[in-house]
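To be precise, the following lines are upload_2.cif, and they hold mmCIF, C-alpha atoms.
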data_start
#
loop_
_atom_site.label_atom_id
_atom_site.label_comp_id
_atom_site.auth_asym_id
_atom_site.auth_seq_id
_atom_site.Cartn_x
_atom_site.Cartn_y
_atom_site.Cartn_z
CA MET A 207 144.92 75.63 100.55
CA ILE A 208 146.77 78.62 99.06
CA SER A 209 149.71 77.29 97.08
CA SER A 210 150.96 80.06 94.79
CA ASP A 211 151.84 83.74 94.97
CA SER A 212 148.99 84.64 92.60
CA GLU A 213 146.52 82.92 94.93
CA LEU A 214 148.00 84.83 97.86
CA LEU A 215 147.47 88.05 95.94
CA VAL A 216 143.84 87.28 95.08
CA PHE A 217 143.07 86.18 98.63
CA SER A 218 144.68 89.34 100.02
CA CYS A 219 142.73 91.63 97.71
CA LEU A 220 139.41 89.99 98.51
CA ILE A 221 139.79 90.03 102.28
CA LEU A 222 141.19 93.59 102.32
CA THR A 223 138.26 94.86 100.29
CA LEU A 224 135.76 93.15 102.59
CA VAL A 225 137.37 94.39 105.80
CA SER A 226 137.61 97.95 104.47
CA LEU A 227 133.93 97.93 103.52
CA LEU A 228 132.99 96.62 106.95
CA GLY A 229 135.01 99.41 108.56
CA GLY A 230 133.02 102.01 106.64
CA TRP A 231 129.75 100.48 107.86
CA ILE A 232 130.78 100.31 111.53
CA PRO A 233 129.55 103.84 112.44
CA SER A 234 126.06 102.87 111.25
CA LEU A 235 126.02 99.50 113.05
CA PHE A 236 127.76 99.98 116.39
CA LYS A 237 128.44 102.63 118.98
CA ILE A 238 132.18 103.32 119.03
CA THR A 239 133.31 104.36 122.51
CA PRO A 240 136.61 106.26 122.98
CA PHE A 241 138.01 103.44 125.13
CA ARG A 242 137.31 100.75 122.52
CA LEU A 243 138.76 102.88 119.75
CA GLN A 244 141.89 103.80 121.71
CA SER A 245 142.43 100.17 122.77
CA ALA A 246 142.33 99.06 119.15
CA MET A 247 144.73 101.85 118.18
CA GLY A 248 147.22 100.83 120.88
CA LEU A 249 147.16 97.22 119.75
CA VAL A 250 147.58 98.15 116.09
CA ALA A 251 150.42 100.59 116.89
CA GLY A 252 152.41 97.93 118.73
CA PHE A 253 151.84 95.40 115.99
CA MET A 254 152.89 97.85 113.27
CA VAL A 255 156.14 98.74 115.05
CA GLY A 256 156.94 95.07 115.57
CA ILE A 257 156.26 94.06 111.97
CA ALA A 258 158.37 96.97 110.69
CA ILE A 259 161.38 96.27 112.90
CA LEU A 260 161.26 92.49 113.32
CA HIS A 261 160.11 91.48 109.85
CA LEU A 262 160.43 94.09 107.10
CA LEU A 263 163.82 95.55 108.04
CA PRO A 264 165.77 92.28 108.47
CA HIS A 265 164.51 90.94 105.17
CA SER A 266 165.25 94.25 103.45
CA VAL A 267 168.89 94.09 104.53
CA VAL A 268 169.46 90.45 103.55
CA ILE A 269 167.70 90.68 100.18
CA ARG A 270 170.05 93.49 99.16
CA ASN A 271 173.06 91.30 100.03
CA ASP A 272 175.86 93.85 99.71
CA LYS A 273 178.25 95.53 102.13
CA ASN A 274 176.32 98.80 102.02
CA GLY A 275 172.96 97.08 102.45
CA LEU A 276 172.25 98.32 105.97
CA GLU A 277 173.11 101.91 105.06
CA VAL A 278 170.84 101.90 102.00
CA VAL A 279 167.99 100.20 103.85
CA THR A 280 168.07 102.69 106.73
CA LEU A 281 168.08 105.53 104.20
CA TRP A 282 164.91 104.17 102.59
CA LEU A 283 163.41 103.70 106.04
CA ILE A 284 163.94 107.42 106.72
CA VAL A 285 162.47 108.28 103.31
CA GLY A 286 159.36 106.24 104.09
CA LEU A 287 159.02 107.78 107.55
CA VAL A 288 159.43 111.36 106.31
CA THR A 289 157.11 110.80 103.33
CA MET A 290 154.34 109.46 105.56
CA PHE A 291 154.88 112.27 108.07
CA VAL A 292 154.50 114.90 105.33
CA MET A 293 151.38 113.18 103.99
CA ILE A 294 149.80 113.06 107.44
CA ARG A 295 150.49 116.72 108.08
CA SER A 296 149.42 117.78 104.57
CA PHE A 297 146.10 115.91 104.40
CA HIS A 298 145.36 115.80 108.15
CA PHE A 299 144.26 112.19 108.02
CA HIS A 300 144.71 109.49 110.66
CA GLN A 301 142.36 111.27 113.04
CA TYR A 302 140.24 108.56 114.57
CA GLY A 303 138.13 110.29 117.16
CA HIS A 304 134.79 111.95 116.58
CA PRO A 305 135.30 114.19 113.54
CA LEU A 306 133.98 117.31 115.21
CA THR A 307 136.86 117.07 117.68
CA TYR A 308 139.26 118.04 114.91
CA ILE A 309 137.25 120.88 113.39
CA ASP A 310 137.72 124.50 114.42
CA LEU A 311 134.85 126.02 116.32
CA PRO A 312 132.98 128.74 114.38
CA GLN A 313 133.31 132.39 115.18
CA GLU A 314 130.20 134.41 115.84
CA GLY A 315 128.35 135.27 112.67
CA SER A 316 130.51 132.99 110.56
CA ASN A 317 129.61 129.81 108.73
CA ALA A 318 133.17 129.06 107.62
CA SER A 319 133.45 126.00 109.85
CA GLU A 320 130.28 124.51 108.36
CA VAL A 321 132.04 124.44 105.02
CA HIS A 322 135.06 122.86 106.72
CA VAL A 323 132.89 120.15 108.24
CA SER A 324 131.10 119.51 104.96
CA TYR A 325 134.17 119.13 102.78
CA SER A 326 136.85 117.99 105.23
CA TRP A 327 136.29 114.35 104.27
CA ILE A 328 137.69 114.99 100.78
CA GLY A 329 141.23 115.69 102.00
CA VAL A 330 141.00 112.82 104.47
CA ALA A 331 139.81 110.41 101.79
CA LEU A 332 142.56 111.54 99.41
CA GLY A 333 145.25 111.05 102.05
CA PHE A 334 143.93 107.66 103.06
CA SER A 335 143.68 106.58 99.43
CA ILE A 336 147.35 107.37 98.74
CA HIS A 337 148.29 105.60 101.94
CA SER A 338 146.19 102.55 101.02
CA PHE A 339 147.75 102.38 97.57
CA LEU A 340 151.22 102.32 99.16
CA GLU A 341 150.10 99.61 101.57
CA GLY A 342 149.01 97.53 98.61
CA VAL A 343 152.45 98.02 97.05
CA ALA A 344 154.10 96.88 100.30
CA LEU A 345 151.88 93.82 100.45
CA ALA A 346 152.70 92.85 96.87
CA ALA A 347 156.39 93.27 97.69
CA THR A 348 156.14 90.75 100.54
CA ILE A 349 154.47 88.28 98.20
CA GLN A 350 157.39 88.71 95.81
CA VAL A 351 159.78 88.02 98.69
CA GLU A 352 158.10 84.74 99.47
CA SER A 353 157.90 83.79 95.80
CA LEU A 354 161.54 84.48 94.93
CA TYR A 355 163.43 83.80 98.12
CA SER A 356 161.54 81.27 100.20
CA GLY A 357 159.71 77.98 99.96
CA SER A 358 158.23 78.11 103.46
CA PHE A 359 154.92 79.44 104.69
CA PRO A 360 154.75 83.19 103.89
CA TRP A 361 155.00 84.57 107.42
CA ILE A 362 156.18 88.03 106.39
CA TRP A 363 153.20 88.32 104.04
CA LEU A 364 150.91 87.25 106.87
CA GLY A 365 152.37 89.88 109.20
CA VAL A 366 151.99 92.76 106.73
CA LEU A 367 148.50 91.60 105.77
CA ALA A 368 147.51 91.51 109.44
CA VAL A 369 148.83 95.06 109.95
CA ILE A 370 146.74 96.35 107.07
CA LEU A 371 143.65 94.39 108.14
CA LEU A 372 143.85 95.77 111.68
CA HIS A 373 144.44 99.30 110.43
CA LYS A 374 142.06 99.50 107.49
CA PRO A 375 138.72 99.59 109.40
CA LEU A 376 139.95 102.63 111.36
CA ASP A 377 140.67 104.44 108.08
CA SER A 378 137.28 103.63 106.56
CA MET A 379 135.53 104.55 109.80
CA SER A 380 137.19 107.99 109.88
CA ILE A 381 136.03 108.79 106.36
CA SER A 382 132.48 107.68 107.12
CA PHE A 383 132.40 109.75 110.32
CA LEU A 384 133.38 112.90 108.43
CA ILE A 385 130.95 112.33 105.56
CA LYS A 386 128.17 111.80 108.06
CA ALA A 387 129.19 114.94 110.01
CA GLY A 388 129.01 116.94 106.77
CA ASN A 389 125.38 115.84 106.21
CA TRP A 390 126.15 114.24 102.87
CA LYS A 391 123.82 111.66 101.39
CA SER A 392 124.31 108.04 102.41
CA SER A 393 124.80 107.15 98.74
CA ILE A 394 127.93 109.34 98.70
CA ASN A 395 129.19 107.58 101.81
CA HIS A 396 128.67 104.15 100.24
CA LEU A 397 130.35 105.18 96.97
CA VAL A 398 133.40 106.66 98.71
CA ASN A 399 133.62 103.61 100.97
CA VAL A 400 133.66 101.26 97.96
CA LEU A 401 136.26 103.32 96.07
CA PHE A 402 138.47 103.52 99.14
CA ALA A 403 138.16 99.76 99.75
CA LEU A 404 139.52 99.14 96.24
CA MET A 405 142.62 101.35 96.60
CA CYS A 406 144.79 98.87 98.50
CA PRO A 407 144.00 95.94 96.14
CA PHE A 408 144.55 98.30 93.21
CA GLY A 409 148.03 99.20 94.47
CA ALA A 410 148.88 95.54 95.01
CA LEU A 411 147.67 94.47 91.56
CA ILE A 412 149.35 97.34 89.71
CA PHE A 413 152.61 96.70 91.49
CA TYR A 414 152.55 92.92 91.18
CA PHE A 415 151.70 92.77 87.48
CA GLY A 416 153.35 96.02 86.42
CA VAL A 417 156.65 96.06 88.27
CA GLY A 418 156.97 92.73 90.02
CA GLU A 419 158.37 90.90 87.00
CA PHE A 420 161.59 92.94 87.29
CA PHE A 421 162.32 91.98 90.90
CA GLU A 422 164.24 88.83 90.06
CA LEU A 423 166.74 91.02 88.20
CA ASN A 424 166.57 93.92 90.65
CA PRO A 425 166.24 92.71 94.25
CA GLU A 426 167.44 96.16 95.36
CA ILE A 427 164.07 97.60 94.32
CA LEU A 428 162.24 95.05 96.42
CA SER A 429 164.50 95.75 99.40
CA SER A 430 163.96 99.51 99.12
CA ILE A 431 160.18 99.15 98.96
CA MET A 432 160.08 96.99 102.06
CA ALA A 433 162.32 99.44 103.97
CA PHE A 434 160.12 102.33 102.80
CA ALA A 435 157.05 100.48 104.09
CA ALA A 436 158.78 99.86 107.43
CA GLY A 437 159.43 103.60 107.82
CA ALA A 438 155.82 104.41 106.95
CA PHE A 439 154.52 101.87 109.48
CA ILE A 440 156.74 103.27 112.24
CA CYS A 441 155.65 106.84 111.49
CA ILE A 442 151.94 105.96 111.58
CA ALA A 443 152.30 104.01 114.81
CA LEU A 444 154.42 106.50 116.74
CA SER A 445 153.17 109.86 115.47
CA ASP A 446 149.44 109.18 115.12
CA LEU A 447 148.13 106.01 116.69
CA LEU A 448 150.07 106.04 119.95
CA PRO A 449 149.51 109.72 120.89
CA GLU A 450 145.77 109.36 120.36
CA ALA A 451 145.61 105.96 122.06
CA HIS A 452 147.33 107.26 125.20
CA GLN A 453 145.51 110.56 125.58
CA ASN A 454 143.03 108.78 127.88
CA ARG A 455 144.66 109.12 131.31
CA HIS A 456 142.04 106.98 133.07
CA TYR A 457 143.01 103.82 131.17
CA ARG A 458 146.74 104.45 130.71
CA PHE A 459 147.76 101.04 132.09
CA THR A 460 145.27 99.12 129.95
CA LEU A 461 146.25 101.00 126.80
CA THR A 462 149.93 100.37 127.51
CA ILE A 463 149.20 96.65 127.84
CA MET A 464 147.40 96.75 124.49
CA PHE A 465 150.46 98.32 122.85
CA LEU A 466 152.79 95.74 124.38
CA GLY A 467 150.38 93.02 123.30
CA GLY A 468 150.70 94.19 119.70
CA VAL A 469 154.50 94.10 119.91
CA LEU A 470 154.45 90.62 121.46
CA LEU A 471 152.11 89.39 118.73
CA SER A 472 154.55 90.50 116.05
CA TYR A 473 157.40 88.87 117.97
CA PHE A 474 155.39 85.66 118.19
CA LEU A 475 155.09 85.68 114.40
CA ARG A 476 158.85 86.18 114.20
CA ILE A 477 159.45 83.15 116.43
CA ILE A 478 157.21 81.04 114.19
CA GLU A 479 159.02 82.36 111.13
CA VAL A 480 162.42 81.38 112.56
CA SER A 481 161.25 77.96 113.72
CA SER A 482 159.75 77.24 110.29
CA GLY A 483 163.19 77.59 108.70
CA LEU A 484 162.40 80.70 106.68
CA THR A 485 165.52 82.43 108.02
CA ASP A 486 167.61 79.81 106.25
CA HIS A 487 166.67 81.60 103.03
CA PHE A 488 167.48 85.07 104.41
#
Starting from the file, give its structure as structure tokens.
Amino acid sequence: MISSDSELLVFSCLILTLVSLLGGWIPSLFKITPFRLQSAMGLVAGFMVGIAILHLLPHSVVIRNDKNGLEVVTLWLIVGLVTMFVMIRSFHFHQYGHPLTYIDLPQEGSNASEVHVSYSWIGVALGFSIHSFLEGVALAATIQVESLYSGSFPWIWLGVLAVILLHKPLDSMSISFLIKAGNWKSSINHLVNVLFALMCPFGALIFYFGVGEFFELNPEILSSIMAFAAGAFICIALSDLLPEAHQNRHYRFTLTIMFLGGVLLSYFLRIIEVSSGLTDHF
């Protein structure tokens, strides 16, 4: 039984590392069909939107506890959304289909695209790593929320952890696809997969032990981080996951149901959170 915030942190880091590693091994173990991938993306997108709006934002507003709280929180939400949008467009990550789909076709007599295929995973891995570090920061922030402001079961932590767990294998899988497409050695793939798997726990640990001790005196920082994470989640869900999930016209109804299922799952967690009495603290 997990009874302290430090145990929550250790448990989170261990399971996130394991799930990320498994995601990197998926291309070598299973055949990933477009329908399966797009179904997973629709479910994750709905869940991310729900966690951002139903969990992170309400707690961000109440933690700040001032008359301008909503205005400041929405500002940080926009900052998180814009920051993630710029990162996605700069590093061209969050592309979950077959990697060759996103690589320019070569012109006659040119080998330029071969170089693009070979080294494209570097930018993707860099973008994903920054994103994973920020996810770790968001996760550590939710643990601080539960530690400082609640004595109930940490539902908000569970929701954010679930979002990252559902999303992380897709990230690792994309990197592995691109490394494999570039004909790099399997040892490189394994090394990059391990380093990437450690980025989210690294962000959580650095944040928790480096900055977390100041949160009791500065709840505004905690509120801003959670609002920033909410904006990032919304951007990822609506600008990347959903468009790719719904490009398959043959399964539009099924993919829509998967998205709604993700939203309902996050709402179900909210109902449990309210019934457990956690909202009495917020």
Which residue is closest to Glu213 in chain A? Choose from A:Val288, A:Leu281, A:Ile349, A:Ala251 and count only C-alpha atoms.
A:Ile349
What lies within 9 Å of Met247 in chain A using all atoms listed in the file, ignoring chain neighbours under 4 positions off, as a list of chain:residue names?
A:Arg242, A:Leu243, A:Ala251, A:Gly252, A:Tyr302, A:Leu372, A:His373, A:Leu376, A:Ala443, A:Leu447, A:Leu448, A:Glu450, A:Ala451, A:Leu461, A:Met464, A:Phe465
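Shortest separation to Ile370 in chain A among A:Phe253, A:Trp231, A:Phe402, A:Trp282 occurs at residue A:Phe253, atoms counted being only C-alpha atoms.
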Result set, the PyMOL selection byres ((chain A and resi 264) around 10) on current file, as a PyMOL selection string:
chain A and resi 258-263+265-269+276+279+429+432-433+485+488
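Distances from A:Leu397, A:Val225, A:Pro240, A:Ile412 to Ala331 in chain A were compared using all atoms listed in the file, and the smallest one belongs to A:Leu397.
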With distances taken over only C-alpha atoms, which residue among A:Pro375, A:Gly286, A:Gly275, A:Gly230 lies nearest Glu426 in chain A?
A:Gly275
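Separating CA of Leu222 in chain A from CA of Asn424 in chain A is a distance of 27.9 Å.
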Check what the PyMOL selection byres ((chain A and resi 336) around 12) selects in the file above and give those residues as an NGL selection string.
:A and (289-290 or 293-294 or 297 or 299 or 329-335 or 337-343 or 377 or 402-406 or 408-409)
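When the distance limit is 10 Å and all atoms listed in the file are what count, the residues near Ile362 in chain A, minus those fewer than 4 positions from it on the same chain, are Ile257, Leu260, His261, Leu262, His265, Leu345, Thr348, Ile349, Val351, Glu352, Val366, Leu367, Ala368, Leu475, Arg476, Glu479 and Leu484 of chain A.
The two atoms in question, CA of Asn399 in chain A and CA of Leu411 in chain A, are spaced 19.2 Å apart.
The smallest atom-to-atom distance between Gly437 in chain A and any of A:Ile394, A:Leu384, A:Leu470, A:Leu287, using only C-alpha atoms, is found for A:Leu287.
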Between CA of Phe413 in chain A and CA of Met379 in chain A, measure the distance and give it in Å to one decimal.
26.2 Å
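For the residues A:Phe217, A:Phe474, A:Phe291, A:Phe241, ranking by smallest atom-to-atom distance to Asp446 in chain A using all atoms listed in the file places A:Phe291 first.
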Might you spell out which residues the PyMOL selection byres ((chain A and resi 214) around 12) would select in the displayed file, as a CSV table (one decimal) with C-alpha atoms, in the coordinates of the input?
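Full text of selection-v6.csv as output:
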chain,number,residue,atom,x,y,z
A,207,MET,CA,144.9,75.6,100.6
A,208,ILE,CA,146.8,78.6,99.1
A,209,SER,CA,149.7,77.3,97.1
A,210,SER,CA,151.0,80.1,94.8
A,211,ASP,CA,151.8,83.7,95.0
A,212,SER,CA,149.0,84.6,92.6
A,213,GLU,CA,146.5,82.9,94.9
A,215,LEU,CA,147.5,88.0,95.9
A,216,VAL,CA,143.8,87.3,95.1
A,217,PHE,CA,143.1,86.2,98.6
A,218,SER,CA,144.7,89.3,100.0
A,219,CYS,CA,142.7,91.6,97.7
A,220,LEU,CA,139.4,90.0,98.5
A,221,ILE,CA,139.8,90.0,102.3
A,222,LEU,CA,141.2,93.6,102.3
A,345,LEU,CA,151.9,93.8,100.4
A,346,ALA,CA,152.7,92.8,96.9
A,347,ALA,CA,156.4,93.3,97.7
A,348,THR,CA,156.1,90.8,100.5
A,349,ILE,CA,154.5,88.3,98.2
A,350,GLN,CA,157.4,88.7,95.8
A,352,GLU,CA,158.1,84.7,99.5
A,353,SER,CA,157.9,83.8,95.8
A,359,PHE,CA,154.9,79.4,104.7
A,360,PRO,CA,154.8,83.2,103.9
A,361,TRP,CA,155.0,84.6,107.4
A,363,TRP,CA,153.2,88.3,104.0
A,364,LEU,CA,150.9,87.2,106.9
A,367,LEU,CA,148.5,91.6,105.8
A,407,PRO,CA,144.0,95.9,96.1
A,410,ALA,CA,148.9,95.5,95.0
A,411,LEU,CA,147.7,94.5,91.6
A,414,TYR,CA,152.6,92.9,91.2
Box for range 405-409 of chain A: with edges along x, y and z, all listed atoms inside and 6 Å added on each side, what are the centre and edge lengths in Å to one decimal, as lines of an AutoDock Vina configuration file?
center_x = 145.3
center_y = 98.6
center_z = 95.9
size_x = 17.4
size_y = 17.4
size_z = 17.3
